[in-house]
Structures are given as C-alpha cells and as structure tokens.
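Engineer: Enclosed is the structure file structure14.tsv (TSV, C-alpha atoms).
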chain	number	residue	atom	x	y	z
A	1	MET	CA	52.68	51.12	-43.28
A	2	THR	CA	52.03	48.92	-46.26
A	3	GLU	CA	52.98	45.80	-44.30
A	4	GLU	CA	50.58	46.66	-41.41
A	5	THR	CA	47.72	47.24	-43.82
A	6	THR	CA	48.43	44.06	-45.67
A	7	GLY	CA	48.64	42.06	-42.39
A	8	THR	CA	45.40	43.48	-41.07
A	9	GLY	CA	43.60	42.84	-44.32
A	10	GLY	CA	44.86	39.24	-44.40
A	11	ALA	CA	43.61	38.61	-40.88
A	12	ALA	CA	40.24	40.07	-41.73
A	13	THR	CA	40.05	37.92	-44.81
A	14	GLU	CA	40.84	34.79	-42.79
A	15	GLU	CA	38.20	35.66	-40.17
A	16	ALA	CA	35.59	36.24	-42.84
A	17	GLY	CA	36.45	32.93	-44.44
A	18	ALA	CA	36.16	31.08	-41.11
A	19	ALA	CA	32.83	32.72	-40.40
A	20	GLY	CA	31.56	31.74	-43.81
A	21	LYS	CA	32.70	28.18	-43.31
A	22	ALA	CA	30.97	28.01	-39.91
A	23	SER	CA	27.78	29.41	-41.42
A	24	ALA	CA	27.89	26.77	-44.11
A	25	GLU	CA	28.42	23.98	-41.59
A	26	GLU	CA	25.60	25.05	-39.26
A	27	PRO	CA	22.70	24.04	-41.56
A	28	ALA	CA	24.35	20.68	-42.17
A	29	ALA	CA	24.78	20.09	-38.46
A	30	GLY	CA	21.17	21.11	-37.89
A	31	LYS	CA	20.00	18.63	-40.53
A	32	ALA	CA	22.04	15.85	-38.90
A	33	ALA	CA	20.69	16.66	-35.44
A	34	ALA	CA	17.13	16.84	-36.72
A	35	GLY	CA	17.20	13.12	-37.50
A	36	LYS	CA	18.21	12.18	-33.95
A	37	PRO	CA	15.90	12.04	-30.90
A	38	ALA	CA	16.39	14.69	-28.26
A	39	PRO	CA	18.41	13.48	-25.28
A	40	ARG	CA	16.23	12.10	-22.45
A	41	ARG	CA	15.86	14.46	-19.51
A	42	ARG	CA	16.61	13.10	-16.09
A	43	GLY	CA	13.81	12.71	-13.59
A	44	ARG	CA	10.65	10.66	-13.25
A	45	PRO	CA	10.03	8.45	-16.31
A	46	SER	CA	6.93	8.99	-18.36
A	47	ARG	CA	4.06	6.57	-18.07
A	48	LYS	CA	4.78	5.16	-21.51
A	49	ALA	CA	8.39	4.54	-20.59
A	50	ALA	CA	7.60	2.74	-17.31
A	51	PRO	CA	8.88	-0.86	-17.38
A	52	ASP	CA	6.37	-3.68	-17.69
A	53	GLY	CA	7.53	-6.12	-15.02
A	54	PRO	CA	7.66	-6.84	-11.28
A	55	ASP	CA	8.84	-3.31	-10.50
A	56	ALA	CA	5.81	-1.85	-12.26
A	57	ARG	CA	3.45	-4.19	-10.39
A	58	THR	CA	5.01	-3.24	-7.07
A	59	ARG	CA	4.66	0.46	-7.90
A	60	ILE	CA	1.02	-0.05	-8.78
A	61	LEU	CA	0.31	-1.82	-5.48
A	62	GLU	CA	2.07	0.82	-3.41
A	63	ALA	CA	0.29	3.59	-5.31
A	64	ALA	CA	-3.07	1.83	-4.86
A	65	ARG	CA	-2.58	1.50	-1.12
A	66	THR	CA	-1.69	5.18	-0.87
A	67	GLU	CA	-4.60	6.29	-3.07
A	68	PHE	CA	-7.14	4.20	-1.14
A	69	ALA	CA	-5.71	5.47	2.15
A	70	GLU	CA	-5.85	9.13	1.14
A	71	ARG	CA	-9.00	9.21	-1.00
A	72	GLY	CA	-11.09	6.26	0.13
A	73	TYR	CA	-12.62	3.63	-2.11
A	74	ASP	CA	-15.20	5.80	-3.85
A	75	LYS	CA	-12.84	8.58	-4.92
A	76	THR	CA	-10.01	6.31	-6.02
A	77	SER	CA	-9.87	5.42	-9.71
A	78	VAL	CA	-7.75	3.08	-11.81
A	79	ARG	CA	-6.59	6.08	-13.80
A	80	GLY	CA	-5.51	7.86	-10.61
A	81	ILE	CA	-3.62	4.78	-9.41
A	82	ALA	CA	-1.89	4.49	-12.79
A	83	LYS	CA	-0.87	8.13	-12.72
A	84	ALA	CA	0.53	7.82	-9.20
A	85	ALA	CA	2.46	4.68	-10.18
A	86	GLY	CA	3.81	6.23	-13.39
A	87	VAL	CA	2.27	3.59	-15.67
A	88	ASP	CA	-0.51	3.38	-18.21
A	89	ALA	CA	-3.98	2.52	-16.93
A	90	ALA	CA	-4.04	-0.51	-19.24
A	91	LEU	CA	-1.18	-2.00	-17.22
A	92	VAL	CA	-3.24	-1.76	-14.03
A	93	HIS	CA	-6.07	-3.64	-15.74
A	94	HIS	CA	-3.56	-6.18	-17.08
A	95	TYR	CA	-2.32	-7.05	-13.60
A	96	PHE	CA	-5.47	-6.67	-11.49
A	97	GLY	CA	-8.49	-6.48	-13.79
A	98	THR	CA	-10.92	-4.10	-12.07
A	99	LYS	CA	-10.72	-1.57	-9.25
A	100	ASP	CA	-12.02	-4.28	-6.92
A	101	GLY	CA	-9.08	-6.43	-7.96
A	102	VAL	CA	-6.60	-3.68	-7.16
A	103	PHE	CA	-8.35	-3.05	-3.85
A	104	ALA	CA	-8.18	-6.75	-2.93
A	105	ALA	CA	-4.44	-6.81	-3.68
A	106	ALA	CA	-3.93	-3.63	-1.66
A	107	VAL	CA	-5.84	-5.16	1.26
A	108	GLU	CA	-3.59	-8.22	1.16
A	109	LEU	CA	-0.49	-6.03	1.04
A	110	THR	CA	-1.74	-3.97	3.98
A	111	PHE	CA	-2.63	-7.01	6.07
A	112	GLU	CA	0.64	-8.75	5.29
A	113	PRO	CA	1.98	-8.24	8.85
A	114	ALA	CA	-1.10	-10.06	10.17
A	115	LEU	CA	-0.27	-13.13	8.10
A	116	VAL	CA	2.36	-14.22	10.62
A	117	LEU	CA	-0.45	-15.62	12.78
A	118	PRO	CA	0.98	-19.18	12.77
A	119	ALA	CA	3.76	-17.94	15.06
A	120	VAL	CA	1.05	-16.70	17.45
A	121	LEU	CA	-0.96	-19.91	17.22
A	122	ASP	CA	1.98	-22.26	17.75
A	123	GLY	CA	2.53	-21.35	21.41
A	124	PRO	CA	1.00	-22.95	24.52
A	125	PRO	CA	-2.82	-23.03	24.27
A	126	GLU	CA	-3.31	-21.47	27.70
A	127	GLY	CA	-1.68	-18.23	26.50
A	128	LEU	CA	-3.40	-17.98	23.11
A	129	GLY	CA	-5.80	-15.19	24.13
A	130	GLU	CA	-2.96	-13.03	25.43
A	131	ARG	CA	-0.78	-13.64	22.34
A	132	LEU	CA	-3.67	-12.78	20.00
A	133	ALA	CA	-4.47	-9.56	21.87
A	134	ALA	CA	-0.82	-8.48	22.02
A	135	PHE	CA	-0.21	-9.25	18.35
A	136	PHE	CA	-3.40	-7.52	17.18
A	137	LEU	CA	-2.62	-4.35	19.11
A	138	SER	CA	1.00	-4.35	17.93
A	139	VAL	CA	-0.18	-4.21	14.30
A	140	TRP	CA	-2.48	-1.26	15.03
A	141	GLU	CA	0.04	0.55	17.22
A	142	ASP	CA	2.51	0.72	14.32
A	143	PRO	CA	1.80	3.97	12.39
A	144	GLY	CA	3.10	2.36	9.19
A	145	THR	CA	0.32	-0.23	9.21
A	146	ARG	CA	-2.34	1.66	11.18
A	147	THR	CA	-2.89	4.41	8.57
A	148	PRO	CA	-3.69	2.12	5.59
A	149	LEU	CA	-5.64	-0.26	7.82
A	150	LEU	CA	-7.86	2.57	9.05
A	151	ALA	CA	-8.40	3.74	5.47
A	152	ILE	CA	-9.44	0.26	4.38
A	153	LEU	CA	-11.73	-0.08	7.40
A	154	ARG	CA	-13.43	3.23	6.56
A	155	SER	CA	-13.80	2.18	2.91
A	156	ALA	CA	-15.44	-1.08	3.97
A	157	VAL	CA	-17.91	0.80	6.17
A	158	THR	CA	-19.00	3.15	3.37
A	159	HIS	CA	-18.83	0.95	0.26
A	160	GLU	CA	-20.31	-2.53	-0.18
A	161	ALA	CA	-17.75	-3.66	-2.77
A	162	ALA	CA	-14.92	-2.75	-0.40
A	163	ALA	CA	-16.74	-4.52	2.44
A	164	ASN	CA	-17.06	-7.68	0.32
A	165	VAL	CA	-13.36	-7.67	-0.48
A	166	LEU	CA	-12.34	-7.08	3.12
A	167	ARG	CA	-14.80	-9.65	4.45
A	168	ASP	CA	-13.59	-12.29	2.00
A	169	PHE	CA	-9.97	-11.63	2.90
A	170	VAL	CA	-10.51	-11.58	6.66
A	171	LEU	CA	-12.61	-14.75	6.60
A	172	ARG	CA	-10.46	-16.65	4.11
A	173	ARG	CA	-6.94	-15.62	5.09
A	174	LEU	CA	-7.18	-14.83	8.80
A	175	LEU	CA	-10.16	-16.20	10.70
A	176	GLU	CA	-10.22	-19.57	8.93
A	177	ARG	CA	-6.56	-20.06	9.83
A	178	ILE	CA	-7.31	-19.30	13.47
A	179	ALA	CA	-10.39	-21.55	13.50
A	180	ALA	CA	-8.41	-24.44	11.99
A	181	GLU	CA	-6.12	-24.41	15.03
A	182	LEU	CA	-8.88	-24.29	17.65
A	183	ASP	CA	-9.88	-27.53	19.37
A	184	VAL	CA	-13.27	-26.24	20.53
A	185	PRO	CA	-16.91	-26.45	19.37
A	186	ASP	CA	-17.94	-23.87	16.74
A	187	PRO	CA	-14.35	-22.72	16.03
A	188	THR	CA	-15.29	-20.32	13.21
A	189	LEU	CA	-17.93	-18.56	15.31
A	190	ARG	CA	-15.48	-18.26	18.18
A	191	ALA	CA	-12.80	-16.82	15.89
A	192	GLU	CA	-15.26	-14.27	14.55
A	193	LEU	CA	-16.36	-13.28	18.06
A	194	ALA	CA	-12.72	-12.75	19.04
A	195	ALA	CA	-12.15	-10.63	15.92
A	196	SER	CA	-15.30	-8.57	16.57
A	197	HIS	CA	-14.12	-7.88	20.11
A	198	MET	CA	-10.75	-6.59	18.87
A	199	LEU	CA	-12.31	-4.56	16.05
A	200	GLY	CA	-14.56	-2.87	18.60
A	201	ILE	CA	-11.44	-1.83	20.48
A	202	VAL	CA	-9.93	-0.54	17.22
A	203	MET	CA	-12.97	1.60	16.47
A	204	LEU	CA	-13.06	3.19	19.92
A	205	ARG	CA	-9.31	3.57	20.37
A	206	TYR	CA	-8.14	4.63	16.90
A	207	VAL	CA	-11.22	5.97	15.07
A	208	VAL	CA	-13.52	7.47	17.72
A	209	ARG	CA	-10.57	8.06	20.10
A	210	ALA	CA	-12.73	7.53	23.16
A	211	GLU	CA	-10.95	8.24	26.43
A	212	PRO	CA	-9.53	6.71	28.52
A	213	LEU	CA	-9.21	3.82	26.03
A	214	ALA	CA	-7.46	5.97	23.42
A	215	SER	CA	-4.64	6.85	25.82
A	216	ALA	CA	-4.44	3.56	27.72
A	217	ASP	CA	-1.17	1.63	27.71
A	218	PRO	CA	-1.32	-1.29	25.22
A	219	ALA	CA	-0.02	-3.70	27.87
A	220	GLU	CA	-2.90	-2.72	30.16
A	221	ILE	CA	-5.42	-3.34	27.38
A	222	VAL	CA	-3.90	-6.74	26.61
A	223	ALA	CA	-4.07	-7.75	30.26
A	224	MET	CA	-7.76	-6.86	30.48
A	225	VAL	CA	-8.79	-8.28	27.09
A	226	ALA	CA	-6.76	-11.51	27.10
A	227	PRO	CA	-9.07	-13.51	29.44
A	228	THR	CA	-12.09	-12.77	27.25
A	229	LEU	CA	-10.25	-13.77	24.06
A	230	GLN	CA	-8.99	-16.90	25.82
A	231	ARG	CA	-12.56	-17.87	26.64
A	232	TYR	CA	-13.54	-17.35	22.99
A	233	VAL	CA	-10.73	-19.34	21.41
A	234	ALA	CA	-10.07	-21.98	24.07
A	235	GLY	CA	-13.47	-22.39	25.72
A	236	ARG	CA	-12.03	-21.59	29.15
Please, can you express the file's structure as structure tokens?
Structural biologist:
Amino acid sequence: MTEETTGTGGAATEEAGAAGKASAEEPAAGKAAAGKPAPRRRGRPSRKAAPDGPDARTRILEAARTEFAERGYDKTSVRGIAKAAGVDAALVHHYFGTKDGVFAAAVELTFEPALVLPAVLDGPPEGLGERLAAFFLSVWEDPGTRTPLLAILRSAVTHEAAANVLRDFVLRRLLERIAAELDVPDPTLRAELAASHMLGIVMLRYVVRAEPLASADPAEIVAMVAPTLQRYVAGR
C-alpha cells in the first residue's frame, strides 16, 4: 500500500514538473516567434509582391485587354487594370504612361494576328483581293480574337481618344503596309477603301447581326467580296 502511494505520488510530481517546464518554455517560444514574419499563405500574390519584370508587363497587357473588352474604354481605369493584373498602379504608369498608352498597347496585342499581312501580300497579285478577304474574315471568325476586336471597335465608336489610337494603329501598322505593296495610283486611298468595305461587313455580320449575312458561310462571303477588293487593290 505504501509502495503504490509512493509510486502514484512520484508520477504526479513528475507530471507537474513537466507541465511547469512546458509553461515556462511557452512564453520564450512565443517571444522567439514574435520576431519572425508569419509564413506566406499560398495563393495569388499581393500587388506589392508582384514581380517587376516582363511577367508583370505581360500580366498588365492581358488584364488591360480583358478590362477594355468587358468594360469599354470609358469605364476602364488604370487602377482597375492594376488590380486585375495583381500589380501596383504605379507599375502600369511606369510601363505605359497613361490610359491611352495602355489602350494603344492592348490594341497592338489584339491586332497581332493581323500583322502577318506580308504572307498575304507576297502571293500572286491576281489573287490579292481573295487572300485579303479570306484572311480578314479568318481573324474575325476566331472567337479568341473577335471578342477583344469588337470591344475595341465599340470603344473607338464611343470615345475619341480610343478612336485616335485605333486610327493611328490601323493607318500606321496595317494600311500603310498594304499600300506600300500596291503598284497602283493612290495606293493609300485604295487600301482604306478596301478596309472600309471589310469593316462594313464586320459591323453588319458581327455587331448588328443582320441576316442573311450573319449566318452566311465565310467562303461564300469571300467569293462575293474578293472581286471588289481586287479592283480596289489591283485596279482591275
């Protein structure tokens, strides 16, 4: 009986001592942990932690294209683009300056597929009208490029600054390149007339959705439009 009591009491004493030791160590551990930063949680990085480099610039451009497509030019802000890209607004200004600058870069990114025009222009001259019509429609038929292109077109119709940016890009990067390859009188005017013809088709087919044009087969449209474009760009 005496041994059992003594054993039990010893165990209790040891447990009490261990508990006391743990209690004494806890404040020390807390003090040590207090001097260390909390571990970073996984997930989307904060705007302050976003890297300043090519990846950040790419994110800004993609975010800008999405914001302009969804909200239009007027309702899109630099702050909104920065938030969507996960960066600070100052970084957007650093790369692109103003909202017009971001819009211009987004326009160029959106029209990037159209910058392969030299491949269209390098073929036989007698088929230039058909190649232009087929290429133009292929860009608009692709949902991945059609959505941002329509958004930019709508922004240009409703906002003068957006129209200036789009006009400068279309004239400088697209129509001038076409005109430079045309061996006809008034090449720039002819290139613009060809572009206006195709943009009219875009408005009726993709924006207004006028039937039967909206549901017509692209190959059928190309076949009917190509002779007119050929007359514009080749003079015959």
Engineer: Please identify all polymer residues within 12 Å of Ala119 of chain A, counting all atoms listed in the file, omitting same-chain residues fewer than 5 positions from it, and present them as a VMD selection string.
Structural biologist: chain A and resid 113 to 114 124 128 131 to 132 135 177 to 178 181
Engineer: Set the distance at 12 Å and use only C-alpha atoms: which residues neighbour segment 150-158 of chain A once local chain neighbours fewer than 3 positions away are removed? I'd like the list as a compact mmCIF listing (two decimals) with C-alpha atoms, in the coordinates of the input.
Structural biologist:
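Result file is part-v5.txt:
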# COMPACT_ATOMS: atom_id res chain seq x y z
CA ALA A 64 -3.07 1.83 -4.86
CA ARG A 65 -2.58 1.50 -1.12
CA THR A 66 -1.69 5.18 -0.87
CA GLU A 67 -4.60 6.29 -3.07
CA PHE A 68 -7.14 4.20 -1.14
CA ALA A 69 -5.71 5.47 2.15
CA GLU A 70 -5.85 9.13 1.14
CA ARG A 71 -9.00 9.21 -1.00
CA GLY A 72 -11.09 6.26 0.13
CA TYR A 73 -12.62 3.63 -2.11
CA ASP A 74 -15.20 5.80 -3.85
CA LYS A 75 -12.84 8.58 -4.92
CA THR A 76 -10.01 6.31 -6.02
CA ASP A 100 -12.02 -4.28 -6.92
CA PHE A 103 -8.35 -3.05 -3.85
CA ALA A 104 -8.18 -6.75 -2.93
CA ALA A 105 -4.44 -6.81 -3.68
CA ALA A 106 -3.93 -3.63 -1.66
CA VAL A 107 -5.84 -5.16 1.26
CA GLU A 108 -3.59 -8.22 1.16
CA LEU A 109 -0.49 -6.03 1.04
CA THR A 110 -1.74 -3.97 3.98
CA PHE A 111 -2.63 -7.01 6.07
CA VAL A 139 -0.18 -4.21 14.30
CA TRP A 140 -2.48 -1.26 15.03
CA GLU A 141 0.04 0.55 17.22
CA ASP A 142 2.51 0.72 14.32
CA PRO A 143 1.80 3.97 12.39
CA GLY A 144 3.10 2.36 9.19
CA THR A 145 0.32 -0.23 9.21
CA ARG A 146 -2.34 1.66 11.18
CA THR A 147 -2.89 4.41 8.57
CA ALA A 161 -17.75 -3.66 -2.77
CA ALA A 162 -14.92 -2.75 -0.40
CA ALA A 163 -16.74 -4.52 2.44
CA ASN A 164 -17.06 -7.68 0.32
CA VAL A 165 -13.36 -7.67 -0.48
CA LEU A 166 -12.34 -7.08 3.12
CA ARG A 167 -14.80 -9.65 4.45
CA ASP A 168 -13.59 -12.29 2.00
CA PHE A 169 -9.97 -11.63 2.90
CA VAL A 170 -10.51 -11.58 6.66
CA LEU A 199 -12.31 -4.56 16.05
CA GLY A 200 -14.56 -2.87 18.60
CA VAL A 202 -9.93 -0.54 17.22
CA MET A 203 -12.97 1.60 16.47
CA ARG A 205 -9.31 3.57 20.37
CA TYR A 206 -8.14 4.63 16.90
CA VAL A 207 -11.22 5.97 15.07
CA VAL A 208 -13.52 7.47 17.72
Engineer: Quote the spacing between atom CA of Leu91 of chain A and atom CA of Ile60 of chain A in Å to one decimal place.
Structural biologist: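 A separation of 8.9 Å between them.
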Engineer: Please return as a PyMOL selection string every residue within 7 Å of (-5.1, -6.5, 23.4), taking into account all atoms listed in the file and the file's own coordinates.
Structural biologist: chain A and resi 133-134+136-137+218+221-222+225-226
Engineer: What's the separation between atom CA of Val78 of chain A and atom CA of Val92 of chain A, in Å to one decimal place?
Structural biologist: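 Separation between atom CA of Val78 of chain A and atom CA of Val92 of chain A: 7.0 Å.
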Engineer: What does the distance between atom CA of Glu62 of chain A and atom CA of Val87 of chain A come to in Å, to one decimal place?
Structural biologist: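 Pair atom CA of Glu62 of chain A / atom CA of Val87 of chain A returns 12.6 Å.
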Engineer: Of the candidates A:Glu211, A:Glu220, A:Lys99, A:Ala85, which one gets nearest to Asp55 of chain A if we count all atoms listed in the file?
Structural biologist: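 Selected residue with least distance to Asp55 of chain A: A:Ala85.
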Engineer: Counting all atoms listed in the file, select every polymer residue within 12 Å of (-15.5, -19.3, 22.9) as defined in the file's coordinates, and provide the selection as JSON, numbers by chain.
Structural biologist: {"A": [129, 179, 182, 183, 184, 185, 186, 187, 188, 189, 190, 191, 192, 193, 194, 195, 197, 227, 228, 229, 230, 231, 232, 233, 234, 235, 236]}
